[in-house]
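*Asks:* Just so it is clear, I am handing over protein_23.txt, which has compact mmCIF, N, CA and C atoms.
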```txt
# COMPACT_ATOMS: atom_id res chain seq x y z
N MET E 24 -4.93 1.70 -7.22
CA MET E 24 -5.33 1.13 -5.95
C MET E 24 -6.80 1.51 -5.73
N SER E 25 -7.55 0.55 -5.33
CA SER E 25 -8.96 0.84 -5.12
C SER E 25 -9.28 0.93 -3.64
N HIS E 26 -10.47 1.41 -3.40
CA HIS E 26 -10.94 1.55 -2.03
C HIS E 26 -11.13 0.17 -1.41
N ILE E 27 -10.71 0.01 -0.16
CA ILE E 27 -10.87 -1.28 0.52
C ILE E 27 -12.21 -1.27 1.24
N SER E 28 -12.92 -2.35 1.16
CA SER E 28 -14.28 -2.41 1.70
C SER E 28 -14.27 -2.45 3.23
N GLU E 29 -15.41 -2.05 3.79
CA GLU E 29 -15.59 -2.10 5.24
C GLU E 29 -15.46 -3.53 5.75
N ALA E 30 -15.95 -4.48 4.97
CA ALA E 30 -15.88 -5.89 5.36
C ALA E 30 -14.42 -6.35 5.46
N ARG E 31 -13.60 -5.93 4.54
CA ARG E 31 -12.19 -6.31 4.58
C ARG E 31 -11.48 -5.65 5.75
N ILE E 32 -11.79 -4.40 6.00
CA ILE E 32 -11.20 -3.70 7.15
C ILE E 32 -11.61 -4.40 8.43
N SER E 33 -12.87 -4.79 8.52
CA SER E 33 -13.35 -5.51 9.70
C SER E 33 -12.61 -6.83 9.86
N ARG E 34 -12.44 -7.55 8.77
CA ARG E 34 -11.74 -8.84 8.82
C ARG E 34 -10.29 -8.64 9.28
N LEU E 35 -9.63 -7.63 8.75
CA LEU E 35 -8.25 -7.35 9.17
C LEU E 35 -8.18 -6.99 10.65
N ALA E 36 -9.14 -6.20 11.12
CA ALA E 36 -9.17 -5.82 12.54
C ALA E 36 -9.30 -7.06 13.42
N HIS E 37 -10.18 -7.97 13.03
CA HIS E 37 -10.33 -9.20 13.79
C HIS E 37 -9.05 -10.04 13.77
N LEU E 38 -8.39 -10.08 12.63
CA LEU E 38 -7.13 -10.82 12.54
C LEU E 38 -6.06 -10.21 13.44
N VAL E 39 -6.02 -8.89 13.52
CA VAL E 39 -5.07 -8.21 14.40
C VAL E 39 -5.34 -8.58 15.85
N VAL E 40 -6.59 -8.44 16.28
CA VAL E 40 -6.95 -8.77 17.66
C VAL E 40 -6.64 -10.23 17.96
N ASP E 41 -7.04 -11.12 17.07
CA ASP E 41 -6.79 -12.56 17.28
C ASP E 41 -5.29 -12.85 17.34
N GLY E 42 -4.54 -12.26 16.43
CA GLY E 42 -3.10 -12.49 16.39
C GLY E 42 -2.38 -11.99 17.64
N LEU E 43 -2.76 -10.79 18.08
CA LEU E 43 -2.14 -10.25 19.29
C LEU E 43 -2.49 -11.08 20.52
N ARG E 44 -3.72 -11.54 20.57
CA ARG E 44 -4.16 -12.37 21.69
C ARG E 44 -3.43 -13.71 21.68
N GLU E 45 -3.39 -14.37 20.52
CA GLU E 45 -2.75 -15.68 20.41
C GLU E 45 -1.25 -15.63 20.69
N ALA E 46 -0.61 -14.51 20.36
CA ALA E 46 0.82 -14.35 20.60
C ALA E 46 1.11 -13.86 22.02
N ASN E 47 0.05 -13.72 22.82
CA ASN E 47 0.17 -13.20 24.19
C ASN E 47 0.85 -11.84 24.24
N ILE E 48 0.56 -11.01 23.25
CA ILE E 48 1.12 -9.66 23.20
C ILE E 48 0.18 -8.67 23.87
N ALA E 49 -1.12 -8.92 23.75
CA ALA E 49 -2.09 -7.99 24.31
C ALA E 49 -3.35 -8.71 24.73
N GLU E 50 -4.02 -8.13 25.71
CA GLU E 50 -5.34 -8.59 26.13
C GLU E 50 -6.33 -7.49 25.81
N PHE E 51 -7.55 -7.86 25.58
CA PHE E 51 -8.57 -6.89 25.19
C PHE E 51 -9.79 -7.01 26.10
N PRO E 52 -9.75 -6.30 27.24
CA PRO E 52 -10.89 -6.37 28.15
C PRO E 52 -12.16 -5.80 27.52
N ASN E 53 -11.99 -4.88 26.57
CA ASN E 53 -13.14 -4.31 25.86
C ASN E 53 -12.89 -4.52 24.37
N GLU E 54 -13.13 -5.74 23.92
CA GLU E 54 -12.84 -6.10 22.54
C GLU E 54 -13.60 -5.25 21.51
N PRO E 55 -14.88 -4.95 21.74
CA PRO E 55 -15.57 -4.10 20.75
C PRO E 55 -14.89 -2.73 20.58
N ALA E 56 -14.42 -2.15 21.67
CA ALA E 56 -13.74 -0.86 21.57
C ALA E 56 -12.40 -1.01 20.84
N ALA E 57 -11.69 -2.10 21.14
CA ALA E 57 -10.42 -2.35 20.46
C ALA E 57 -10.63 -2.52 18.96
N LEU E 58 -11.63 -3.30 18.59
CA LEU E 58 -11.94 -3.50 17.17
C LEU E 58 -12.31 -2.20 16.49
N ARG E 59 -13.11 -1.39 17.16
CA ARG E 59 -13.51 -0.09 16.60
C ARG E 59 -12.29 0.79 16.35
N ASP E 60 -11.36 0.83 17.32
CA ASP E 60 -10.16 1.66 17.16
C ASP E 60 -9.25 1.13 16.06
N ILE E 61 -9.09 -0.18 15.99
CA ILE E 61 -8.25 -0.77 14.96
C ILE E 61 -8.86 -0.52 13.58
N LYS E 62 -10.16 -0.64 13.46
CA LYS E 62 -10.84 -0.38 12.18
C LYS E 62 -10.62 1.08 11.76
N LYS E 63 -10.69 1.99 12.72
CA LYS E 63 -10.50 3.41 12.42
C LYS E 63 -9.09 3.65 11.88
N VAL E 64 -8.09 3.08 12.54
CA VAL E 64 -6.70 3.24 12.11
C VAL E 64 -6.49 2.63 10.72
N LEU E 65 -7.01 1.44 10.51
CA LEU E 65 -6.87 0.80 9.20
C LEU E 65 -7.55 1.61 8.10
N ALA E 66 -8.74 2.13 8.38
CA ALA E 66 -9.45 2.94 7.38
C ALA E 66 -8.65 4.19 7.04
N GLN E 67 -8.06 4.83 8.05
CA GLN E 67 -7.24 6.01 7.80
C GLN E 67 -6.01 5.67 6.96
N TYR E 68 -5.39 4.55 7.29
CA TYR E 68 -4.21 4.10 6.55
C TYR E 68 -4.55 3.86 5.08
N PHE E 69 -5.59 3.09 4.83
CA PHE E 69 -5.95 2.77 3.45
C PHE E 69 -6.42 4.00 2.69
N SER E 70 -7.10 4.90 3.37
CA SER E 70 -7.54 6.14 2.74
C SER E 70 -6.32 6.96 2.30
N ARG E 71 -5.33 7.03 3.17
CA ARG E 71 -4.10 7.75 2.84
C ARG E 71 -3.39 7.10 1.66
N GLU E 72 -3.34 5.77 1.66
CA GLU E 72 -2.68 5.06 0.56
C GLU E 72 -3.38 5.31 -0.77
N VAL E 73 -4.71 5.32 -0.76
CA VAL E 73 -5.47 5.59 -1.99
C VAL E 73 -5.18 7.02 -2.46
N ALA E 74 -5.16 7.97 -1.54
CA ALA E 74 -4.89 9.36 -1.91
C ALA E 74 -3.49 9.51 -2.50
N ILE E 75 -2.51 8.85 -1.92
CA ILE E 75 -1.14 8.91 -2.44
C ILE E 75 -1.09 8.28 -3.83
N ASP E 76 -1.71 7.14 -3.99
CA ASP E 76 -1.74 6.46 -5.29
C ASP E 76 -2.35 7.37 -6.36
N GLU E 77 -3.46 8.00 -6.05
CA GLU E 77 -4.11 8.89 -7.01
C GLU E 77 -3.22 10.07 -7.36
N THR E 78 -2.56 10.65 -6.37
CA THR E 78 -1.67 11.79 -6.61
C THR E 78 -0.51 11.39 -7.51
N VAL E 79 0.09 10.24 -7.23
CA VAL E 79 1.24 9.76 -8.02
C VAL E 79 0.81 9.48 -9.45
N ARG E 80 -0.33 8.83 -9.63
CA ARG E 80 -0.80 8.52 -10.99
C ARG E 80 -1.09 9.81 -11.78
N ARG E 81 -1.68 10.80 -11.12
CA ARG E 81 -1.93 12.09 -11.79
C ARG E 81 -0.62 12.75 -12.20
N LYS E 82 0.37 12.67 -11.32
CA LYS E 82 1.67 13.28 -11.62
C LYS E 82 2.31 12.62 -12.84
N ILE E 83 2.24 11.31 -12.92
CA ILE E 83 2.81 10.60 -14.06
C ILE E 83 2.04 10.95 -15.34
N GLN E 84 0.72 11.02 -15.25
CA GLN E 84 -0.09 11.36 -16.42
C GLN E 84 0.14 12.78 -16.90
N SER E 85 0.58 13.66 -16.00
CA SER E 85 0.76 15.06 -16.38
C SER E 85 2.11 15.34 -17.03
N LEU E 86 2.93 14.34 -17.17
CA LEU E 86 4.23 14.55 -17.81
C LEU E 86 4.03 14.96 -19.27
N SER E 87 5.00 15.67 -19.80
CA SER E 87 4.86 16.20 -21.16
C SER E 87 4.78 15.10 -22.22
N ARG E 88 5.38 13.97 -21.96
CA ARG E 88 5.28 12.85 -22.90
C ARG E 88 4.64 11.67 -22.17
N PRO E 89 3.85 10.90 -22.89
CA PRO E 89 3.16 9.78 -22.24
C PRO E 89 4.14 8.68 -21.81
N VAL E 90 3.87 8.14 -20.62
CA VAL E 90 4.64 7.00 -20.12
C VAL E 90 3.64 5.86 -19.96
N PRO E 91 3.81 4.79 -20.72
CA PRO E 91 2.82 3.70 -20.68
C PRO E 91 2.77 3.01 -19.31
N PRO E 92 1.57 2.89 -18.75
CA PRO E 92 1.43 2.17 -17.47
C PRO E 92 1.94 0.74 -17.62
N GLY E 93 2.65 0.29 -16.60
CA GLY E 93 3.20 -1.06 -16.61
C GLY E 93 4.60 -1.14 -17.19
N SER E 94 5.04 -0.06 -17.86
CA SER E 94 6.39 -0.08 -18.42
C SER E 94 7.41 0.09 -17.28
N ARG E 95 8.62 -0.27 -17.58
CA ARG E 95 9.71 -0.13 -16.58
C ARG E 95 9.82 1.32 -16.13
N GLU E 96 9.77 2.25 -17.08
CA GLU E 96 9.87 3.67 -16.74
C GLU E 96 8.73 4.10 -15.83
N TRP E 97 7.51 3.62 -16.13
CA TRP E 97 6.35 3.98 -15.31
C TRP E 97 6.55 3.48 -13.88
N GLU E 98 7.03 2.25 -13.75
CA GLU E 98 7.25 1.67 -12.42
C GLU E 98 8.30 2.46 -11.64
N VAL E 99 9.37 2.85 -12.31
CA VAL E 99 10.42 3.64 -11.65
C VAL E 99 9.87 4.99 -11.21
N LEU E 100 9.13 5.65 -12.10
CA LEU E 100 8.54 6.95 -11.75
C LEU E 100 7.53 6.81 -10.61
N TYR E 101 6.74 5.75 -10.65
CA TYR E 101 5.74 5.53 -9.60
C TYR E 101 6.43 5.43 -8.24
N ARG E 102 7.46 4.60 -8.17
CA ARG E 102 8.18 4.44 -6.89
C ARG E 102 8.80 5.75 -6.44
N LYS E 103 9.41 6.47 -7.37
CA LYS E 103 10.07 7.74 -7.04
C LYS E 103 9.05 8.76 -6.53
N TYR E 104 7.97 8.95 -7.28
CA TYR E 104 6.96 9.93 -6.89
C TYR E 104 6.24 9.52 -5.61
N ARG E 105 6.05 8.23 -5.42
CA ARG E 105 5.40 7.74 -4.19
C ARG E 105 6.27 8.07 -2.97
N GLU E 106 7.56 7.82 -3.08
CA GLU E 106 8.48 8.15 -1.98
C GLU E 106 8.47 9.65 -1.70
N GLU E 107 8.45 10.46 -2.75
CA GLU E 107 8.39 11.92 -2.57
C GLU E 107 7.11 12.32 -1.84
N GLU E 108 6.00 11.72 -2.25
CA GLU E 108 4.71 12.04 -1.64
C GLU E 108 4.67 11.60 -0.17
N LEU E 109 5.21 10.42 0.11
CA LEU E 109 5.28 9.96 1.51
C LEU E 109 6.11 10.92 2.35
N LYS E 110 7.24 11.35 1.82
CA LYS E 110 8.11 12.28 2.55
C LYS E 110 7.38 13.59 2.80
N LYS E 111 6.70 14.11 1.77
CA LYS E 111 5.94 15.37 1.95
C LYS E 111 4.93 15.25 3.07
N ARG E 112 4.22 14.13 3.09
CA ARG E 112 3.17 13.94 4.08
C ARG E 112 3.73 13.71 5.48
N ARG E 113 4.91 13.12 5.57
CA ARG E 113 5.55 12.94 6.87
C ARG E 113 6.03 14.28 7.43
N ASP E 114 6.49 15.14 6.53
CA ASP E 114 7.04 16.43 6.95
C ASP E 114 5.98 17.44 7.34
N ARG E 115 4.73 17.13 7.08
CA ARG E 115 3.65 18.08 7.41
C ARG E 115 3.40 18.13 8.89
```
Is it possible to give me this structure as structure tokens?

*Replies:*
Amino acid sequence: MSHISEARISRLAHLVVDGLREANIAEFPNEPAALRDIKKVLAQYFSREVAIDETVRRKIQSLSRPVPPGSREWEVLYRKYREEELKKRRDR
């Protein structure tokens, strides 16, 4: 997983604001502040996802025998280790 660009985060934030407004779920009297907050949350989310991905990939690479990326076994291990990492981070 690679780093998501600021431009993409900005685009997603605008889509969130537009979607919430169009669905009559929320109003934004201070749209710049709302966009800033949404961008911050999205950046934190994607940063966490990148960190988890890197941790899981390192864990798979550190196994005593190589597991080829893209193989069924690699995919199973990735999902398993990712769930473990998510649980660890939730429990903190």

*Asks:* Which residues, written as a list in words, have at least one atom at most 8 Å from Ala66 (chain E), with all atoms listed in the file counted and residues fewer than 6 positions away on the same chain left out?

*Replies:*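 Near neighbours after the sequence-gap exclusion: Ile27, Ile32, Asp60 and Glu72 of chain E.
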
*Asks:* Print the selection's residues with N, CA and C atoms to a file, as a short mmCIF file (atom, residue, chain, number, x, y, z; two decimals), in the coordinates of the input.

*Replies:*
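Okay, again_5.cif is ready:
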```cif
data_model
loop_
_atom_site.label_atom_id
_atom_site.label_comp_id
_atom_site.auth_asym_id
_atom_site.auth_seq_id
_atom_site.Cartn_x
_atom_site.Cartn_y
_atom_site.Cartn_z
N ILE E 27 -10.71 0.01 -0.16
CA ILE E 27 -10.87 -1.28 0.52
C ILE E 27 -12.21 -1.27 1.24
N ILE E 32 -11.79 -4.40 6.00
CA ILE E 32 -11.20 -3.70 7.15
C ILE E 32 -11.61 -4.40 8.43
N ASP E 60 -11.36 0.83 17.32
CA ASP E 60 -10.16 1.66 17.16
C ASP E 60 -9.25 1.13 16.06
N GLU E 72 -3.34 5.77 1.66
CA GLU E 72 -2.68 5.06 0.56
C GLU E 72 -3.38 5.31 -0.77
#
```

*Asks:* List every residue of chain E that DSSP, applied to the backbone of this structure, assigns to alpha helix (DSSP H), and report them as an MDAnalysis selection string.

*Replies:* chainID E and resid 29:45 54:84 95:114

*Asks:* Taking all atoms listed in the file into account, which of E:Ala36, E:Leu100, E:Val79, E:Ala30 comes nearest Arg59 (chain E)?

*Replies:* E:Ala36

*Asks:* If I take CA of Glu77 (chain E) and CA of Lys111 (chain E), how far is one from the other in Å, to one decimal?

*Replies:*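 Between CA of Glu77 (chain E) and CA of Lys111 (chain E) the gap works out to 14.9 Å.
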
*Asks:* Near Glu29 (chain E), counting only C-alpha atoms, which residues have an atom at most 9 Å away, once you skip same-chain residues fewer than 4 positions from it, shown as a PyMOL selection string?

*Replies:* chain E and resi 33-34+62+66

*Asks:* Using 6.5 Å as the limit and counting only N, CA and C atoms, can you tabulate each residue of region 48-110 of chain E that touches region 38-43 of chain E, with its shortest atom-to-atom distance in Å and the two atoms involved, as a Markdown table?

*Replies:*
```
| residue | atom | partner | partner_atom | distance |
| --- | --- | --- | --- | --- |
| E:Ile48 | N | E:Leu43 | C | 4.1 |
| E:Ala49 | N | E:Leu43 | C | 4.1 |
| E:Glu50 | N | E:Leu43 | C | 6.2 |
```

*Asks:* Restricting the calculation to all atoms listed in the file, which member of E:Ala46, E:Gly93, E:Arg105, E:Lys110 is positioned closest to Asp76 (chain E)?

*Replies:*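 Of all the options, E:Arg105 lies closest to Asp76 (chain E).
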
*Asks:* What does the distance from atom C of Ser28 (chain E) to atom C of Ala57 (chain E) come to in Å, to one decimal?

*Replies:*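 One can read the atom C of Ser28 (chain E) to atom C of Ala57 (chain E) distance as 16.1 Å.
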
*Asks:* I'd like to know which of E:Arg80, E:Asn47, E:Arg71, E:Tyr104 is closest to Pro92 (chain E), using only C-alpha atoms.

*Replies:* E:Arg80

*Asks:* I need the residue nearest Arg112 (chain E) from this list: E:Leu35, E:Ile75, E:Val99, E:Ile83. Use only C-alpha atoms for the distance.

*Replies:*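 Answer, going by the shortest atom-to-atom distance: E:Ile75.
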
*Asks:* One decimal, in Å: what's the spacing between atom C of Lys103 (chain E) and CA of Ile61 (chain E)?

*Replies:*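 Rounded to one decimal, the two atoms are 29.2 Å apart.
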
*Asks:* Hey, can I get the axis-aligned box for region 68-87 of chain E? All listed atoms, 8 Å padding on each side, centre and edge lengths in Å to one decimal, as AutoDock Vina command-line options.

*Replies:*
```
--center_x -1.3 --center_y 9.5 --center_z -7.5 --size_x 28.5 --size_y 29.4 --size_z 45.5
```
